[in-house]
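Asker: Data: query-v1.pdb, PDB, C-alpha atoms.
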MODEL        1
ATOM      1  CA  MET Z   1       0.000   0.000   0.000
ATOM      2  CA  LYS Z   2       1.203   3.494  -0.884
ATOM      3  CA  LYS Z   3      -0.108   6.708   0.624
ATOM      4  CA  TYR Z   4      -0.056  10.234  -0.711
ATOM      5  CA  ARG Z   5      -1.287  13.629   0.413
ATOM      6  CA  ASN Z   6      -3.353  15.410  -2.238
ATOM      7  CA  ILE Z   7      -2.095  18.974  -1.769
ATOM      8  CA  HIS Z   8      -3.653  20.272  -4.999
ATOM      9  CA  HIS Z   9      -7.155  19.017  -4.150
ATOM     10  CA  HIS Z  10      -7.582  17.382  -7.576
ATOM     11  CA  TYR Z  11     -10.831  15.711  -6.545
ATOM     12  CA  LEU Z  12     -12.407  18.217  -4.150
ATOM     13  CA  SER Z  13     -11.694  21.172  -6.441
ATOM     14  CA  ASN Z  14     -14.320  19.791  -8.824
ATOM     15  CA  PHE Z  15     -16.955  20.717  -6.239
ATOM     16  CA  PHE Z  16     -15.557  23.557  -4.120
ATOM     17  CA  LYS Z  17     -14.031  26.948  -4.832
ATOM     18  CA  GLN Z  18     -10.479  27.317  -3.577
ATOM     19  CA  SER Z  19     -11.679  29.697  -0.865
ATOM     20  CA  GLU Z  20     -14.102  27.029   0.404
ATOM     21  CA  LEU Z  21     -11.547  24.229   0.656
ATOM     22  CA  ASN Z  22     -11.191  23.869   4.397
ATOM     23  CA  TYR Z  23     -10.363  20.184   3.964
ATOM     24  CA  ASP Z  24      -7.378  18.002   3.137
ATOM     25  CA  SER Z  25      -7.245  14.487   1.776
ATOM     26  CA  PHE Z  26      -4.856  11.585   1.622
ATOM     27  CA  TRP Z  27      -5.095   8.717  -0.830
ATOM     28  CA  LEU Z  28      -4.263   5.080  -0.086
ATOM     29  CA  PHE Z  29      -3.367   2.883  -3.069
ATOM     30  CA  TYR Z  30      -3.671  -0.834  -2.348
ATOM     31  CA  ASN Z  31      -2.342  -3.864  -4.183
ATOM     32  CA  HIS Z  32      -4.408  -7.028  -4.360
ATOM     33  CA  GLU Z  33      -2.340  -8.781  -1.691
ATOM     34  CA  ASP Z  34      -2.507  -5.902   0.817
ATOM     35  CA  GLY Z  35      -4.678  -6.251   3.879
ATOM     36  CA  ILE Z  36      -6.882  -3.293   4.829
ATOM     37  CA  GLN Z  37      -5.782  -1.709   8.109
ATOM     38  CA  MET Z  38      -7.273   1.731   8.691
ATOM     39  CA  GLU Z  39      -6.980   1.844  12.484
ATOM     40  CA  PRO Z  40      -3.364   3.182  12.496
ATOM     41  CA  PHE Z  41      -4.578   6.318  10.693
ATOM     42  CA  PHE Z  42      -7.461   6.884  13.118
ATOM     43  CA  PRO Z  43      -6.517   5.394  16.498
ATOM     44  CA  ASP Z  44      -9.207   5.295  19.175
ATOM     45  CA  GLN Z  45     -11.879   6.395  16.708
ATOM     46  CA  LYS Z  46     -15.208   4.832  15.805
ATOM     47  CA  VAL Z  47     -16.357   4.188  12.232
ATOM     48  CA  TYR Z  48     -19.785   4.087  10.638
ATOM     49  CA  SER Z  49     -19.667   1.932   7.485
ATOM     50  CA  PHE Z  50     -22.412   2.608   4.920
ATOM     51  CA  LEU Z  51     -23.272   0.200   2.113
ATOM     52  CA  TRP Z  52     -26.268   0.545  -0.193
ATOM     53  CA  GLU Z  53     -28.078  -1.482  -2.842
ATOM     54  CA  TYR Z  54     -31.029  -0.883  -5.107
ATOM     55  CA  SER Z  55     -34.200  -2.954  -4.920
ATOM     56  CA  ASN Z  56     -34.429  -5.824  -7.378
ATOM     57  CA  PRO Z  57     -37.798  -6.036  -9.168
ATOM     58  CA  ASP Z  58     -37.041  -9.597 -10.300
ATOM     59  CA  ILE Z  59     -37.315 -11.147  -6.824
ATOM     60  CA  ILE Z  60     -40.136 -11.357  -4.283
ATOM     61  CA  ILE Z  61     -40.538  -8.103  -2.326
ATOM     62  CA  LYS Z  62     -40.194  -9.747   1.106
ATOM     63  CA  ILE Z  63     -36.931 -11.439   0.085
ATOM     64  CA  ASP Z  64     -35.701  -8.208  -1.489
ATOM     65  CA  GLU Z  65     -36.405  -6.293   1.728
ATOM     66  CA  TRP Z  66     -34.759  -9.008   3.830
ATOM     67  CA  LYS Z  67     -31.569  -9.060   1.755
ATOM     68  CA  ARG Z  68     -31.105  -5.278   1.782
ATOM     69  CA  ALA Z  69     -27.431  -4.310   1.268
ATOM     70  CA  PHE Z  70     -25.364  -6.306   3.753
ATOM     71  CA  ARG Z  71     -26.894  -9.715   3.012
ATOM     72  CA  ARG Z  72     -26.593  -9.101  -0.733
ATOM     73  CA  ASN Z  73     -22.855  -8.652  -0.242
ATOM     74  CA  ASN Z  74     -22.368 -11.484   2.273
ATOM     75  CA  ILE Z  75     -21.594  -9.141   5.163
ATOM     76  CA  GLU Z  76     -22.163 -11.141   8.345
ATOM     77  CA  ILE Z  77     -24.215  -9.358  10.987
ATOM     78  CA  VAL Z  78     -24.529 -10.876  14.455
ATOM     79  CA  GLN Z  79     -26.991  -9.967  17.181
ATOM     80  CA  GLU Z  80     -24.611  -7.750  19.143
ATOM     81  CA  ASP Z  81     -23.651  -5.658  16.110
ATOM     82  CA  LYS Z  82     -24.904  -2.073  16.067
ATOM     83  CA  LEU Z  83     -26.855  -2.020  12.811
ATOM     84  CA  HIS Z  84     -28.660   1.044  11.469
ATOM     85  CA  ILE Z  85     -30.901   0.953   8.388
ATOM     86  CA  ARG Z  86     -32.568   3.611   6.248
ATOM     87  CA  ASN Z  87     -34.590   3.491   3.025
ATOM     88  CA  TYR Z  88     -34.544   6.076   0.235
ATOM     89  CA  LEU Z  89     -35.927   6.381  -3.281
ATOM     90  CA  SER Z  90     -34.105   6.719  -6.587
ATOM     91  CA  GLY Z  91     -36.818   7.353  -9.120
ATOM     92  CA  GLU Z  92     -39.212   4.458  -8.599
ATOM     93  CA  ARG Z  93     -36.585   2.155  -7.099
ATOM     94  CA  LYS Z  94     -36.003   1.743  -3.385
ATOM     95  CA  VAL Z  95     -32.474   2.242  -2.045
ATOM     96  CA  TYR Z  96     -31.525   0.074   0.942
ATOM     97  CA  LEU Z  97     -28.912   1.887   3.043
ATOM     98  CA  ASP Z  98     -27.297  -0.263   5.745
ATOM     99  CA  CYS Z  99     -24.837   1.099   8.304
ATOM    100  CA  LEU Z 100     -22.653  -0.732  10.802
ATOM    101  CA  GLU Z 101     -21.215   1.069  13.849
ATOM    102  CA  THR Z 102     -17.907  -0.543  14.895
ATOM    103  CA  SER Z 103     -14.220  -0.139  15.611
ATOM    104  CA  PHE Z 104     -11.885  -0.034  12.615
ATOM    105  CA  VAL Z 105     -10.504  -3.459  13.473
ATOM    106  CA  THR Z 106     -13.997  -4.944  13.175
ATOM    107  CA  ALA Z 107     -14.894  -2.939  10.071
ATOM    108  CA  ASP Z 108     -11.716  -3.953   8.240
ATOM    109  CA  GLU Z 109     -12.548  -7.606   8.895
ATOM    110  CA  LYS Z 110     -16.263  -7.324   8.051
ATOM    111  CA  PHE Z 111     -15.768  -5.610   4.699
ATOM    112  CA  LYS Z 112     -12.459  -7.098   3.550
ATOM    113  CA  ASP Z 113     -14.071  -9.206   0.808
ATOM    114  CA  LEU Z 114     -15.838  -6.351  -0.975
ATOM    115  CA  THR Z 115     -14.381  -5.994  -4.443
ATOM    116  CA  ALA Z 116     -12.709  -2.724  -5.358
ATOM    117  CA  TYR Z 117     -15.537  -2.115  -7.827
ATOM    118  CA  ASP Z 118     -18.325  -2.715  -5.283
ATOM    119  CA  ALA Z 119     -16.567  -0.645  -2.621
ATOM    120  CA  GLY Z 120     -15.986   2.142  -5.126
ATOM    121  CA  GLN Z 121     -19.620   2.261  -6.170
ATOM    122  CA  ARG Z 122     -21.556   1.753  -2.935
ATOM    123  CA  PHE Z 123     -19.380   1.964   0.199
ATOM    124  CA  VAL Z 124     -18.560   5.015   2.350
ATOM    125  CA  GLN Z 125     -17.280   5.342   5.919
ATOM    126  CA  ILE Z 126     -17.653   8.170   8.419
ATOM    127  CA  VAL Z 127     -15.029   8.339  11.192
ATOM    128  CA  THR Z 128     -16.056   9.873  14.513
ATOM    129  CA  ASP Z 129     -15.029  10.297  18.116
ATOM    130  CA  GLU Z 130     -16.205   7.524  20.429
ATOM    131  CA  SER Z 131     -18.763   9.917  21.921
ATOM    132  CA  ILE Z 132     -20.682  10.364  18.644
ATOM    133  CA  SER Z 133     -23.831   8.289  18.212
ATOM    134  CA  PHE Z 134     -25.594   7.471  14.943
ATOM    135  CA  THR Z 135     -28.297  10.064  15.660
ATOM    136  CA  ASP Z 136     -25.604  12.741  16.071
ATOM    137  CA  ILE Z 137     -24.690  12.399  12.387
ATOM    138  CA  ASP Z 138     -26.780  14.761  10.275
ATOM    139  CA  LEU Z 139     -27.877  12.613   7.331
ATOM    140  CA  SER Z 140     -30.223  15.232   5.912
ATOM    141  CA  PHE Z 141     -27.854  15.596   2.932
ATOM    142  CA  LEU Z 142     -29.196  12.245   1.698
ATOM    143  CA  GLU Z 143     -32.500  13.971   0.891
ATOM    144  CA  VAL Z 144     -30.788  16.361  -1.550
ATOM    145  CA  THR Z 145     -31.675  15.455  -5.138
ATOM    146  CA  ASP Z 146     -28.788  17.095  -7.012
ATOM    147  CA  THR Z 147     -25.798  14.752  -6.662
ATOM    148  CA  ALA Z 148     -23.153  17.519  -6.671
ATOM    149  CA  ASP Z 149     -25.017  19.467  -3.976
ATOM    150  CA  LYS Z 150     -25.440  16.233  -2.023
ATOM    151  CA  PHE Z 151     -21.686  15.613  -2.181
ATOM    152  CA  ARG Z 152     -20.858  19.124  -0.978
ATOM    153  CA  ALA Z 153     -23.299  18.726   1.916
ATOM    154  CA  LEU Z 154     -21.692  15.378   2.794
ATOM    155  CA  ILE Z 155     -18.221  16.935   2.933
ATOM    156  CA  ARG Z 156     -19.479  19.767   5.125
ATOM    157  CA  ILE Z 157     -20.482  17.370   7.903
ATOM    158  CA  LEU Z 158     -16.744  17.430   8.696
ATOM    159  CA  ASP Z 159     -17.451  20.867  10.176
ATOM    160  CA  THR Z 160     -19.414  19.102  12.938
ATOM    161  CA  ASP Z 161     -17.572  18.590  16.228
ATOM    162  CA  GLY Z 162     -16.636  14.953  16.721
ATOM    163  CA  ILE Z 163     -16.715  13.927  13.049
ATOM    164  CA  GLN Z 164     -13.115  13.289  12.054
ATOM    165  CA  ALA Z 165     -13.013  11.968   8.494
ATOM    166  CA  LEU Z 166     -14.872  10.640   5.474
ATOM    167  CA  ILE Z 167     -13.497   7.625   3.632
ATOM    168  CA  LEU Z 168     -14.525   7.256   0.015
ATOM    169  CA  ASN Z 169     -13.560   4.304  -2.155
ATOM    170  CA  GLY Z 170     -12.522   3.795  -5.732
ATOM    171  CA  TYR Z 171      -9.945   1.961  -7.752
ATOM    172  CA  HIS Z 172      -6.735   2.668  -9.606
ATOM    173  CA  HIS Z 173      -5.052   0.950 -12.543
ATOM    174  CA  ARG Z 174      -5.642  -2.817 -12.685
ATOM    175  CA  ARG Z 175      -8.874  -2.048 -10.753
ATOM    176  CA  GLU Z 176      -7.221  -2.361  -7.366
ATOM    177  CA  LEU Z 177      -8.613  -0.636  -4.292
ATOM    178  CA  LEU Z 178      -8.164   3.063  -3.634
ATOM    179  CA  LYS Z 179      -9.292   4.872  -0.478
ATOM    180  CA  VAL Z 180      -9.700   8.657  -0.331
ATOM    181  CA  CYS Z 181      -9.657   9.965   3.248
ATOM    182  CA  ILE Z 182     -11.010  13.501   3.594
ATOM    183  CA  VAL Z 183     -10.290  15.348   6.832
ATOM    184  CA  LYS Z 184     -10.404  18.846   8.245
ATOM    185  CA  LYS Z 185      -7.491  20.985   7.141
ATOM    186  CA  GLY Z 186      -4.430  20.585   9.347
ATOM    187  CA  GLU Z 187      -5.261  17.184  10.831
ATOM    188  CA  ALA Z 188      -2.132  15.428  12.119
ATOM    189  CA  CYS Z 189      -2.999  12.086  10.476
ATOM    190  CA  ILE Z 190      -1.849  13.319   7.056
ATOM    191  CA  GLN Z 191       1.662  14.366   8.138
ATOM    192  CA  PRO Z 192       4.149  13.454   6.792
ATOM    193  CA  MET Z 193       3.233  11.945   3.420
ATOM    194  CA  GLU Z 194       4.455  12.049  -0.141
ATOM    195  CA  PHE Z 195       2.535  14.380  -2.410
ATOM    196  CA  LEU Z 196       0.076  12.958  -4.923
ATOM    197  CA  SER Z 197       1.269  13.714  -8.436
ATOM    198  CA  LEU Z 198      -1.106  14.569 -11.284
ATOM    199  CA  LEU Z 199       0.081  11.523 -13.218
ATOM    200  CA  ILE Z 200      -1.050   9.172 -10.437
ATOM    201  CA  PHE Z 201      -4.354  10.974 -10.061
ATOM    202  CA  GLU Z 202      -5.216  10.580 -13.748
ATOM    203  CA  ASN Z 203      -5.146   6.781 -13.382
ATOM    204  CA  THR Z 204      -7.833   6.671 -10.674
ATOM    205  CA  TYR Z 205     -11.604   6.437 -10.455
ATOM    206  CA  VAL Z 206     -13.640   7.612  -7.466
ATOM    207  CA  ALA Z 207     -17.428   7.448  -7.788
ATOM    208  CA  MET Z 208     -19.747  10.098  -6.391
ATOM    209  CA  PRO Z 209     -20.786   8.764  -2.952
ATOM    210  CA  PHE Z 210     -24.483   8.269  -2.173
ATOM    211  CA  ASN Z 211     -25.167   8.942  -5.860
ATOM    212  CA  TRP Z 212     -28.792   7.834  -6.113
TER     213      TRP Z 212
ENDMDL
END
Please, can you express the file's structure as structure tokens?
Answerer:
Amino acid sequence: MKKYRNIHHHYLSNFFKQSELNYDSFWLFYNHEDGIQMEPFFPDQKVYSFLWEYSNPDIIIKIDEWKRAFRRNNIEIVQEDKLHIRNYLSGERKVYLDCLETSFVTADEKFKDLTAYDAGQRFVQIVTDESISFTDIDLSFLEVTDTADKFRALIRILDTDGIQALILNGYHHRRELLKVCIVKKGEACIQPMEFLSLLIFENTYVAMPFNW
């Protein structure tokens, strides 16, 4: 795994004016054989892992509603897990949004088998202080219909006390996993790192999160 600090804001500058960029990001480039270990970047923090799927009109409604997102992707949920679920609409299709509240050690193990493509399309994590509960996270941005406005509203939840980072997913050349960690400007977790060059950035794909 290689890590780089994105000092030129190649991704965020598509959505924010330079004067509005109160955020930094670092990018983690994984190889297929690398294990995912995010805890060293965010020690003693909690993570909310969001995965979503669209309803499938080709299966029985009760089965569709039972499968939701986690079961569709073989994510094991046990009774003691802190599971949060929400439903949204994308046109006439239902969106099943599942969220798991865990430590990073648990999250890395739970979601390790997601493909880079699936993670890049439908997986986002919000990192918080231990004191932050699910209801403390303002998810009203998910009601915004314009996807660019929704993304900007998502990033701005970093202005909330106790919310430390957003982790988006994508893939780089050979379709291997890429994680984009967005934090408040000046956070210690991004120092020191190599700078992300434009050449590396041009070989990446990061989907718009929550893009229904």
Asker: I would like the residues chosen by the PyMOL selection byres ((chain Z and resi 173) around 9) on the shown file; could you give them as a PDB file with C-alpha atoms, in the coordinates of the input?
Answerer:
ATOM      1  CA  TYR Z 171      -9.945   1.961  -7.752  1.00  0.00           C
ATOM      2  CA  HIS Z 172      -6.735   2.668  -9.606  1.00  0.00           C
ATOM      3  CA  ARG Z 174      -5.642  -2.817 -12.685  1.00  0.00           C
ATOM      4  CA  ARG Z 175      -8.874  -2.048 -10.753  1.00  0.00           C
ATOM      5  CA  GLU Z 176      -7.221  -2.361  -7.366  1.00  0.00           C
ATOM      6  CA  ASN Z 203      -5.146   6.781 -13.382  1.00  0.00           C
ATOM      7  CA  THR Z 204      -7.833   6.671 -10.674  1.00  0.00           C
ATOM      8  CA  TYR Z 205     -11.604   6.437 -10.455  1.00  0.00           C
TER       9      TYR Z 205
END
Asker: Please evaluate the PyMOL selection byres ((chain Z and resi 76-80) around 12) against the displayed coordinates and give the resulting residues as a PyMOL selection string.
Answerer: chain Z and resi 67+69-75+81-84+98-102+106-107+109-113
Asker: Name the residues captured by the PyMOL selection byres ((chain Z and resi 211) around 10) when it is applied to the shown file; answer as JSON, numbers by chain.
Answerer: {"Z": [90, 121, 122, 142, 145, 146, 147, 148, 150, 151, 207, 208, 209, 210, 212]}
Asker: What is the atom CA of Z:Phe42 to atom CA of Z:Lys3 distance in Å?
Answerer: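 Rounded to one decimal, the two atoms are 14.5 Å apart.
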Asker: When distances are computed from all atoms listed in the file, which of Z:Glu92, Z:Glu194, Z:Asp24, Z:Glu65 shows the smallest separation from Z:Tyr4?
Answerer: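 Of Z:Glu92, Z:Glu194, Z:Asp24, Z:Glu65, the one nearest Z:Tyr4, counting all atoms listed in the file, is Z:Glu194.
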Asker: With a distance cut-off of 9 Å and all atoms listed in the file, select the neighbouring residues of Z:Ile155, excluding the residue or stretch itself and same-chain residues fewer than 6 positions from it, and output the selection as a VMD selection string.
Answerer: chain Z and resid 23 166 182 to 183
Asker: Could you take the residues named above and write them with C-alpha atoms, as a tab-separated table (two decimals), in the coordinates of the input?
Answerer:
chain	number	residue	atom	x	y	z
Z	23	TYR	CA	-10.36	20.18	3.96
Z	166	LEU	CA	-14.87	10.64	5.47
Z	182	ILE	CA	-11.01	13.50	3.59
Z	183	VAL	CA	-10.29	15.35	6.83
Asker: Hey, which of Z:Ile63, Z:Leu114, Z:Ile163, Z:Val144 ends up closest to Z:Tyr88? Count all atoms listed in the file.
Answerer: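 Checking each of Z:Ile63, Z:Leu114, Z:Ile163, Z:Val144 against Z:Tyr88, counting all atoms listed in the file, the winner is Z:Val144.
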Asker: For Z:Leu28, which residue among Z:Ile61, Z:Cys181, Z:Val95, Z:Ala119 is the nearest when counting all atoms listed in the file?
Answerer: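 Result for the nearest residue to Z:Leu28: Z:Cys181.
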Asker: For Z:Leu21, please output as a VMD selection string all residues within 10 Å (counting all atoms listed in the file; exclusion window: fewer than 2 positions along the same chain).
Answerer: chain Z and resid 9 12 to 13 15 to 19 23 to 24 184 to 185
Asker: Between atom CA of Z:His32 and atom CA of Z:Thr128, what is the spacing in Å?
Answerer: 27.9 Å
Asker: Atom CA of Z:Phe50 to atom CA of Z:Gln125: how many Å, to one decimal?
Answerer: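 Atom CA of Z:Gln125 lies at a distance of 5.9 Å from atom CA of Z:Phe50.
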Asker: Using only C-alpha atoms for the distances, tell me which of Z:Phe141, Z:Tyr96, Z:Phe26, Z:Phe123 is nearest to Z:Ser55.
Answerer: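 Ranking Z:Phe141, Z:Tyr96, Z:Phe26, Z:Phe123 by distance to Z:Ser55, first place goes to Z:Tyr96.
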Asker: Taking only C-alpha atoms into account, name the residue in Z:Ile60, Z:Tyr48, Z:Ala116, Z:Gly170 that is nearest to Z:Thr135.
Answerer: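 Closest residue, counting only C-alpha atoms: Z:Tyr48.
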Asker: Excluding same-chain residues fewer than 6 positions from Z:Asn56, what lies within 9 Å of it counting all atoms listed in the file, as a PyMOL selection string?
Answerer: chain Z and resi 64+93-94
Asker: With distances taken over all atoms listed in the file, which residue among Z:Glu187, Z:Glu20, Z:Asp129, Z:Asp161 lies nearest Z:Pro43?
Answerer: Z:Asp129
Asker: If we count all atoms listed in the file, what is near Z:Tyr30 at a cut-off of 8 Å, once residues fewer than 5 positions away on the same chain are taken out, given as number ranges by chain?
Answerer: Z: 1-2, 176-178
Asker: Axis-aligned box over every listed atom of stretch 181-188 of chain Z, padded by 4 Å per side: centre and edges in Å to one decimal, as lines of an AutoDock Vina configuration file?
Answerer:
center_x = -6.6
center_y = 15.5
center_z = 7.7
size_x = 16.9
size_y = 19.0
size_z = 16.9
